[in-house]
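Next comes input_20.txt, a file with compact mmCIF, C-alpha atoms and all ligand atoms.
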# COMPACT_ATOMS: atom_id res chain seq x y z
CA MET A 187 16.65 4.91 112.84
CA ILE A 188 17.95 6.72 109.79
CA ASN A 189 15.40 8.93 108.09
CA THR A 190 15.45 8.03 104.42
CA PRO A 191 14.29 10.64 101.91
CA ILE A 192 11.21 8.48 101.33
CA ASP A 193 10.28 8.69 105.05
CA THR A 194 10.74 12.43 104.94
CA PHE A 195 8.72 12.72 101.77
CA SER A 196 5.95 10.50 103.12
CA ALA A 197 5.74 12.62 106.25
CA SER A 198 5.31 15.81 104.27
CA ALA A 199 2.76 14.11 102.00
CA GLN A 200 0.79 13.02 105.06
CA THR A 201 0.69 16.48 106.56
CA GLY A 202 -0.63 17.73 103.22
CA SER A 203 2.20 20.21 102.73
CA THR A 204 0.81 23.04 100.58
CA MET A 205 4.18 23.50 98.87
CA ASN A 206 3.79 20.59 96.49
CA ARG A 207 0.27 19.25 96.77
CA GLN A 208 -0.47 16.08 94.88
CA ARG A 209 -2.96 16.36 92.03
CA LEU A 210 -6.23 14.49 92.09
CA LEU A 211 -8.56 14.22 89.08
CA ILE A 212 -12.23 13.52 89.87
CA VAL A 213 -14.29 12.23 86.95
CA ASP A 214 -18.08 11.83 87.15
CA ASP A 215 -20.94 12.78 84.81
CA GLN A 216 -23.01 13.90 87.84
CA PRO A 217 -21.81 17.29 89.15
CA LEU A 218 -23.31 16.49 92.55
CA ASN A 219 -21.00 13.47 92.94
CA ILE A 220 -18.02 15.59 91.97
CA GLN A 221 -19.08 18.17 94.56
CA THR A 222 -19.12 15.53 97.33
CA LEU A 223 -15.64 14.28 96.47
CA TYR A 224 -14.33 17.81 96.02
CA GLU A 225 -15.41 18.68 99.56
CA LEU A 226 -13.76 15.53 100.85
CA PHE A 227 -10.35 16.17 99.24
CA SER A 228 -9.87 19.85 98.43
CA ALA A 229 -8.20 20.64 101.76
CA ASN A 230 -5.40 18.13 101.11
CA TYR A 231 -4.94 17.90 97.38
CA GLN A 232 -5.00 19.99 94.24
CA ILE A 233 -8.24 19.01 92.50
CA PHE A 234 -9.13 18.81 88.81
CA MET A 235 -12.60 17.84 87.65
CA ALA A 236 -14.08 16.31 84.50
CA THR A 237 -17.66 15.38 83.65
CA SER A 238 -16.93 13.20 80.61
CA GLY A 239 -14.43 10.59 79.45
CA GLU A 240 -13.02 12.81 76.71
CA GLN A 241 -12.51 15.67 79.11
CA ALA A 242 -10.80 13.32 81.58
CA LEU A 243 -8.37 12.06 78.92
CA SER A 244 -7.49 15.58 77.86
CA LEU A 245 -6.94 16.72 81.48
CA CYS A 246 -4.71 13.71 82.07
CA GLN A 247 -2.43 14.84 79.23
CA SER A 248 -2.28 18.47 80.29
CA LYS A 249 -2.22 18.15 84.10
CA LEU A 250 -0.68 14.70 84.67
CA PRO A 251 -2.62 14.02 87.88
CA ASP A 252 -1.17 11.73 90.57
CA LEU A 253 -4.44 9.83 90.94
CA ILE A 254 -7.80 9.59 89.19
CA ILE A 255 -11.12 8.81 90.85
CA LEU A 256 -13.12 7.55 87.92
CA ASP A 257 -16.86 6.99 87.59
CA VAL A 258 -17.74 3.86 85.60
CA GLU A 259 -21.06 4.84 84.02
CA MET A 260 -20.81 7.91 81.82
CA PRO A 261 -22.73 8.66 78.61
CA ASP A 262 -19.94 9.40 76.10
CA MET A 263 -17.28 6.87 77.11
CA ASP A 264 -17.46 4.62 80.13
CA GLY A 265 -14.80 4.58 82.84
CA TYR A 266 -13.38 1.24 81.69
CA GLU A 267 -12.63 2.66 78.25
CA VAL A 268 -11.07 5.80 79.77
CA CYS A 269 -8.86 3.58 81.96
CA ARG A 270 -7.87 1.36 79.00
CA ARG A 271 -6.80 4.39 76.98
CA LEU A 272 -4.81 5.84 79.88
CA LYS A 273 -2.97 2.55 80.41
CA ALA A 274 -2.18 2.27 76.68
CA ASP A 275 -0.45 5.67 76.59
CA VAL A 276 3.13 5.84 77.96
CA HIS A 277 2.53 9.40 79.21
CA THR A 278 -0.40 8.42 81.41
CA SER A 279 0.04 4.69 82.02
CA ASN A 280 1.51 5.13 85.50
CA ILE A 281 -1.34 7.29 86.85
CA PRO A 282 -3.26 5.13 89.34
CA VAL A 283 -7.01 4.85 88.80
CA ILE A 284 -9.66 4.18 91.47
CA PHE A 285 -13.12 3.33 90.13
CA ILE A 286 -16.23 4.50 91.92
CA THR A 287 -19.50 2.96 90.85
CA GLY A 288 -23.08 2.49 91.94
CA HIS A 289 -23.26 -0.97 90.38
CA HIS A 290 -21.36 -3.24 92.62
CA ASN A 291 -20.90 -6.90 91.88
CA GLU A 292 -17.96 -9.26 91.55
CA ALA A 293 -17.90 -9.21 87.77
CA GLU A 294 -17.78 -5.40 87.62
CA GLU A 295 -15.07 -5.19 90.25
CA THR A 296 -12.97 -7.82 88.47
CA LYS A 297 -13.42 -6.00 85.17
CA GLY A 298 -12.31 -2.73 86.75
CA LEU A 299 -9.20 -4.23 88.29
CA ASP A 300 -8.39 -6.14 85.07
CA THR A 301 -8.54 -2.84 83.18
CA GLY A 302 -5.64 -1.66 85.33
CA ALA A 303 -7.32 0.14 88.24
CA VAL A 304 -5.67 -0.07 91.66
CA ASP A 305 -8.95 -0.02 93.62
CA PHE A 306 -12.70 -0.26 93.19
CA ILE A 307 -15.15 1.56 95.49
CA SER A 308 -18.95 1.23 95.57
CA LYS A 309 -21.50 3.98 96.12
CA PRO A 310 -22.83 5.10 98.47
CA ILE A 311 -19.32 5.92 99.62
CA ASN A 312 -18.08 5.97 103.18
CA PRO A 313 -16.12 9.25 103.17
CA ARG A 314 -13.53 8.16 105.73
CA ILE A 315 -12.76 4.92 103.92
CA VAL A 316 -12.52 6.65 100.54
CA HIS A 317 -10.24 9.26 102.07
CA ALA A 318 -7.97 6.59 103.55
CA ARG A 319 -7.80 4.59 100.32
CA VAL A 320 -6.98 7.68 98.25
CA LYS A 321 -4.31 8.71 100.74
CA ASN A 322 -2.67 5.27 100.59
CA GLN A 323 -2.59 5.26 96.80
CA LEU A 324 -1.15 8.77 96.65
CA MET A 325 1.57 7.77 99.09
CA LEU A 326 2.53 4.84 96.87
CA LYS A 327 2.48 7.11 93.83
CA ALA A 328 4.82 9.62 95.53
CA GLN A 329 7.21 6.86 96.48
CA SER A 330 7.29 5.28 93.03
CA ASP A 331 7.78 8.71 91.39
CA MET A 332 10.70 9.34 93.71
CA LEU A 333 12.30 5.97 93.01
CA ARG A 334 11.89 6.52 89.29
CA ASP A 335 13.62 9.90 89.60
CA TRP A 336 16.49 8.37 91.56
CA VAL A 337 17.12 5.81 88.87
CA TYR A 338 17.95 8.69 86.53
CA ILE A 339 20.03 10.89 88.86
CA ASP A 340 23.81 10.77 89.19
CA GLY A 341 24.59 10.26 92.89
CA LEU A 342 27.71 12.44 93.01
CA THR A 343 26.61 15.53 91.11
CA GLY A 344 22.81 15.47 91.18
CA VAL A 345 22.50 15.95 87.42
CA LYS A 346 20.88 13.35 85.19
CA ASN A 347 22.87 10.16 84.65
CA ARG A 348 23.93 8.16 81.62
CA ARG A 349 20.93 5.82 81.83
CA TYR A 350 18.62 8.82 81.41
CA PHE A 351 20.79 10.29 78.66
CA ASP A 352 20.82 7.03 76.68
CA GLU A 353 17.02 6.75 76.86
CA ARG A 354 16.51 10.38 75.87
CA LEU A 355 19.06 10.17 73.05
CA ASN A 356 17.25 7.17 71.56
CA ALA A 357 13.86 8.88 71.89
CA GLU A 358 15.12 12.17 70.43
CA TRP A 359 16.94 10.38 67.62
CA GLY A 360 13.69 8.63 66.68
CA ARG A 361 11.79 11.90 66.83
CA ALA A 362 14.42 13.73 64.73
CA ILE A 363 14.25 11.00 62.05
CA ARG A 364 10.42 11.02 61.99
CA HIS A 365 10.20 14.83 61.78
CA ASN A 366 13.38 15.27 59.74
CA SER A 367 14.52 17.75 62.37
CA GLU A 368 17.97 18.67 63.64
CA LEU A 369 19.67 17.20 66.70
CA SER A 370 23.07 17.91 68.19
CA ILE A 371 25.15 16.61 71.04
CA ILE A 372 28.18 17.92 72.89
CA ILE A 373 30.61 15.67 74.77
CA ILE A 374 32.47 17.48 77.53
CA ASP A 375 35.62 16.23 79.24
CA VAL A 376 37.49 17.89 82.11
CA ASP A 377 41.11 18.57 81.17
CA PHE A 378 43.94 16.97 83.13
CA PHE A 379 41.58 15.76 85.82
CA LYS A 380 43.82 12.88 86.85
CA LEU A 381 46.46 15.48 87.66
CA TYR A 382 43.83 17.48 89.58
CA ASN A 383 43.11 14.46 91.80
CA ASP A 384 46.81 13.79 92.23
CA CYS A 385 47.41 17.38 93.29
CA TYR A 386 44.35 18.18 95.43
CA GLY A 387 43.08 14.75 96.45
CA HIS A 388 40.05 12.71 95.40
CA LEU A 389 37.59 14.48 97.73
CA MET A 390 38.44 17.89 96.28
CA GLY A 391 38.14 16.19 92.89
CA ASP A 392 34.58 15.18 93.79
CA ASP A 393 33.74 18.75 94.90
CA CYS A 394 35.17 20.03 91.67
CA LEU A 395 33.00 17.67 89.60
CA ARG A 396 29.90 18.85 91.50
CA LEU A 397 30.76 22.48 90.79
CA VAL A 398 31.38 21.81 87.11
CA ALA A 399 28.20 19.72 86.79
CA ASN A 400 26.05 22.44 88.36
CA LYS A 401 27.60 25.13 86.23
CA LEU A 402 27.11 23.12 83.02
CA ASN A 403 23.55 22.26 84.04
CA SER A 404 22.71 25.89 84.79
CA CYS A 405 23.78 26.88 81.27
CA ILE A 406 21.03 24.74 79.76
CA ASN A 407 17.97 26.95 79.33
CA ARG A 408 15.45 25.25 77.05
CA SER A 409 13.37 22.59 78.78
CA VAL A 410 14.01 20.11 75.94
CA ASP A 411 17.79 20.34 76.33
CA LEU A 412 19.58 17.92 78.62
CA MET A 413 22.86 17.92 80.53
CA ALA A 414 23.96 14.57 81.99
CA ARG A 415 27.03 13.02 83.58
CA TYR A 416 28.23 10.46 81.08
CA GLY A 417 30.69 8.87 83.49
CA GLY A 418 33.90 9.82 85.32
CA GLU A 419 34.83 13.42 84.43
CA GLU A 420 32.74 13.40 81.26
CA PHE A 421 29.42 15.10 80.65
CA VAL A 422 27.13 15.11 77.67
CA CYS A 423 24.61 17.62 76.41
CA LEU A 424 21.65 16.79 74.16
CA LEU A 425 20.21 19.59 72.03
CA PRO A 426 17.07 18.73 70.02
CA ASP A 427 16.15 20.97 67.05
CA THR A 428 19.63 22.48 67.09
CA ASN A 429 22.01 22.64 64.13
CA LEU A 430 25.81 22.55 64.23
CA ALA A 431 26.21 26.33 64.44
CA GLY A 432 23.78 26.53 67.37
CA ALA A 433 25.49 23.67 69.19
CA MET A 434 28.94 25.20 68.63
CA THR A 435 27.67 28.43 70.23
CA VAL A 436 26.36 26.51 73.25
CA ALA A 437 29.64 24.57 73.53
CA GLU A 438 31.70 27.76 73.45
CA GLN A 439 29.48 29.23 76.20
CA LEU A 440 29.97 26.10 78.31
CA ARG A 441 33.75 26.33 77.87
CA GLN A 442 33.74 29.95 79.02
CA GLU A 443 31.37 29.34 81.94
CA VAL A 444 33.65 26.65 83.36
CA ILE A 445 36.61 29.02 83.03
CA SER A 446 34.57 31.67 84.88
CA LEU A 447 34.46 29.33 87.90
CA GLN A 448 38.23 29.96 88.20
CA ILE A 449 38.84 26.65 89.97
CA PRO A 450 42.59 26.60 90.68
CA HIS A 451 44.44 23.80 88.88
CA ALA A 452 48.13 24.43 89.58
CA VAL A 453 49.35 21.40 87.63
CA SER A 454 47.17 21.65 84.52
CA LYS A 455 49.15 21.94 81.31
CA ALA A 456 46.37 24.01 79.68
CA ALA A 457 45.85 26.89 82.16
CA PRO A 458 46.36 27.69 85.88
CA PHE A 459 42.67 26.93 86.42
CA LEU A 460 40.26 24.14 85.50
CA THR A 461 39.26 23.86 81.82
CA ILE A 462 37.16 21.56 79.69
CA SER A 463 37.39 20.27 76.13
CA LEU A 464 34.29 19.77 74.01
CA GLY A 465 33.38 17.73 70.95
CA VAL A 466 30.25 18.66 69.00
CA CYS A 467 28.35 16.56 66.49
CA THR A 468 25.03 16.97 64.70
CA LYS A 469 22.63 14.57 63.03
CA GLN A 470 23.27 16.30 59.66
CA SER A 471 26.93 15.24 59.73
CA MET A 472 28.01 12.93 56.86
CA MET A 473 29.30 10.26 59.23
CA VAL A 474 26.13 10.02 61.32
CA ASP A 475 23.41 7.46 60.63
CA SER A 476 22.39 6.31 64.13
CA ALA A 477 22.13 7.45 67.74
CA THR A 478 25.35 5.55 68.46
CA SER A 479 27.29 7.11 65.59
CA ILE A 480 26.42 10.66 66.69
CA LEU A 481 28.12 9.85 70.01
CA THR A 482 31.12 8.24 68.33
CA GLN A 483 31.57 11.27 66.09
CA ALA A 484 31.27 13.73 68.99
CA ASP A 485 33.91 11.69 70.79
CA ALA A 486 36.18 11.93 67.73
CA GLU A 487 35.74 15.71 67.79
CA LEU A 488 36.57 15.72 71.52
CA TYR A 489 39.77 13.85 70.71
CA LEU A 490 40.69 16.62 68.23
CA ALA A 491 39.98 19.26 70.89
CA LYS A 492 42.30 17.44 73.27
CA ASN A 493 45.00 17.28 70.59
CA GLN A 494 44.72 21.02 69.98
CA GLY A 495 46.01 21.60 73.51
CA ARG A 496 42.67 21.14 75.38
CA ASN A 497 40.41 24.02 76.53
CA HIS A 498 39.01 23.85 72.98
CA VAL A 499 35.74 23.23 71.15
CA CYS A 500 35.79 21.09 67.98
CA GLY A 501 32.87 20.20 65.75
P1 LIG A 601 42.53 14.57 79.63
O1 LIG A 601 42.80 16.04 79.63
O2 LIG A 601 43.21 13.86 78.53
O3 LIG A 601 41.07 14.29 79.67
O4 LIG A 601 43.21 14.03 80.97
P2 LIG A 601 42.47 13.43 82.23
O5 LIG A 601 43.49 13.29 83.28
O6 LIG A 601 41.28 14.29 82.57
O7 LIG A 601 41.93 12.08 81.67
P3 LIG A 601 42.07 10.61 82.24
O8 LIG A 601 41.04 9.83 81.49
O9 LIG A 601 43.50 10.14 82.16
O10 LIG A 601 41.68 10.70 83.76
C1 LIG A 601 40.37 10.97 84.20
C2 LIG A 601 40.43 11.08 85.70
O11 LIG A 601 39.14 11.38 86.24
C3 LIG A 601 40.90 9.82 86.35
C4 LIG A 601 39.84 9.50 87.38
O12 LIG A 601 40.39 9.13 88.61
C5 LIG A 601 39.10 10.80 87.51
N1 LIG A 601 37.73 10.59 87.94
C6 LIG A 601 36.75 9.92 87.29
N2 LIG A 601 35.63 9.89 88.01
C7 LIG A 601 35.88 10.59 89.15
C8 LIG A 601 35.10 10.90 90.31
O13 LIG A 601 33.94 10.56 90.44
N3 LIG A 601 35.71 11.63 91.27
C9 LIG A 601 37.00 12.02 91.19
N4 LIG A 601 37.52 12.73 92.18
N5 LIG A 601 37.76 11.71 90.11
C10 LIG A 601 37.21 11.02 89.11
MG MG A 602 -22.02 8.13 86.16
MG MG A 603 37.77 11.42 80.19
MG MG A 604 40.56 10.19 78.91
MG MG A 605 39.68 14.38 81.15

For the structure just supplied, provide its representation as structure tokens.
Amino acid sequence: MINTPIDTFSASAQTGSTMNRQRLLIVDDQPLNIQTLYELFSANYQIFMATSGEQALSLCQSKLPDLIILDVEMPDMDGYEVCRRLKADVHTSNIPVIFITGHHNEAEETKGLDTGAVDFISKPINPRIVHARVKNQLMLKAQSDMLRDWVYIDGLTGVKNRRYFDERLNAEWGRAIRHNSELSIIIIDVDFFKLYNDCYGHLMGDDCLRLVANKLNSCINRSVDLMARYGGEEFVCLLPDTNLAGAMTVAEQLRQEVISLQIPHAVSKAAPFLTISLGVCTKQSMMVDSATSILTQADAELYLAKNQGRNHVCG
């Protein structure tokens, strides 16, 4: 049987690999209850603790736990309300919630599950059952996280794909409009890549794209910046809070970094090694009034760079 990455990941999650321990948030207004659960789980998971609803919500934002064990009855805000708020927020809506409560009846359990919880456990708890249920939910969470990541990764190069770029561009465009902030993008196209394939073969072409993608990706330093494969031999870089001058500087660095790879390209008409052309556009540009038009304009600049003999930046 072929070992899929999910099998491999599940196996390491089961053995409780200390490298990347999953994060568990325990919420209960009684410190003694927290203590019991802490002792049950601290060997396998990274634990965060909260004794109130407000504290739980704030920890969810800052720590993004993989699972929450949530008490129902708490003085400031009950567990149902905490769960409702988590589910209403896109940042926290996919964190699974397991309720633990002393008041067990059908109506309460139904209410808990309707609020969006994945499980409902009554006190007094059976430690082995709680452990098994938590483990199952964390396994599902790890698998769904991994699938979600895969949806956004380009299979050939390992950098983010166009689907991810399009979603981020729309989100960042909206943010830039709301905050009246700057936003730039760079479209990058490998020069004479058809000739490269013709000369060295498609497999070498693939290797070349991987090298270029990794180099471009490694040039992106701020966590808000994004490098993605846009398709074929084209890449695109998203730079929030960056004006045209800043983006031109980044583009020039990218051009030079790809040259520094010194990938032989004997039949290129631009240089004896592989080069890229880049088109830069910023939200402040006269022609730009939408997320789509910033792309169109960057593409127009790329076209100019190609016409100037390639191995150029235009913006
Ligand atoms: P220009 O300088 O004008 O950009 O010339 P070009 O040859 O790079 O542009 P063109 O659009 O004519 O050709 C792009 C080539 O990129 C053709 C296509 O086979 C190749 N290509 C696209 N995706 C891949 C890929 O995943 N792997 C490989 N090896 N080649 C690819
Ligand atoms: Mg309580
Ligand atoms: Mg192209
Ligand atoms: Mg082309
Ligand atoms: Mg090209």

- Message: Can you pull out every residue with an atom within 10 Å of ligand MG 604 (chain A)? Use all atoms listed in the file and format it as a PyMOL selection string.
- Response: chain A and resi 375-380+418-420+489+492

- Message: I'd like to know which of A:Val436, A:Ile445, A:Leu210, A:Val268 is closest to Asp252 of chain A, using all atoms listed in the file.
- Response: A:Leu210

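The nearest approach to ligand MG 603 (chain A) among the residues A:Ile374, A:Trp336, A:Pro450, A:Cys394, with all atoms listed in the file taken into account, belongs to A:Ile374.
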
- Task: Measure the distance from atom CA of Ser404 of chain A to atom CA of Lys327 of chain A in Å and round it to one decimal.
- Result: 29.0 Å

- Given all atoms listed in the file as the counted atoms, nearest of A:Gln208, A:Gln241, A:Asn400, A:Thr287 to ligand MG 602 (chain A):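 Once distances to ligand MG 602 (chain A) are computed over all atoms listed in the file, the minimum belongs to A:Thr287.
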
- Message: To check your reading of the model: which residues sit at most 10 Å from ligand MG 602 (chain A) when counting all atoms listed in the file? Write the answer as a list of chain:residue names.
- Response: A:Val213, A:Asp214, A:Asp215, A:Gln216, A:Pro217, A:Asn219, A:Thr237, A:Ser238, A:Leu256, A:Asp257, A:Val258, A:Glu259, A:Met260, A:Pro261, A:Asp264, A:Gly265, A:Ile286, A:Thr287, A:Gly288

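Atom CA of Ser248 of chain A lies 20.7 Å from atom CA of Phe227 of chain A.
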
- Task: Have a look at A:Leu430, A:Leu218, A:Ile373, A:Ala477 and name the one nearest to ligand MG 603 (chain A); count only C-alpha atoms and all ligand atoms.
- Result: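 Residue with the minimum atom-to-atom distance to ligand MG 603 (chain A): A:Ile373.
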
- Query: Can you tell me how far atom CA of Gln448 of chain A sits from atom CA of Leu412 of chain A, in Å to one decimal?
  - Reply: 24.2 Å

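Distance check against Ile311 of chain A using only C-alpha atoms: of A:Met263, A:Leu395, A:Val276, A:Leu226, the minimum falls on A:Leu226.
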
- Closest of A:Lys401, A:Arg415, A:Lys455, A:Lys469 to Arg348 of chain A - atom-to-atom distances counting all atoms listed in the file: A:Arg415

- Task: Select all residues near (15.7, 23.6, 76.2) (cut-off 12 Å, inclusive, file coordinates), counting only C-alpha atoms, and output them as a list in words.
- Result: Asn403, Ser404, Cys405, Ile406, Asn407, Arg408, Ser409, Val410, Asp411, Leu412, Met413, Cys423, Leu424, Leu425, Pro426, Asp427, Thr428 and Val436 of chain A
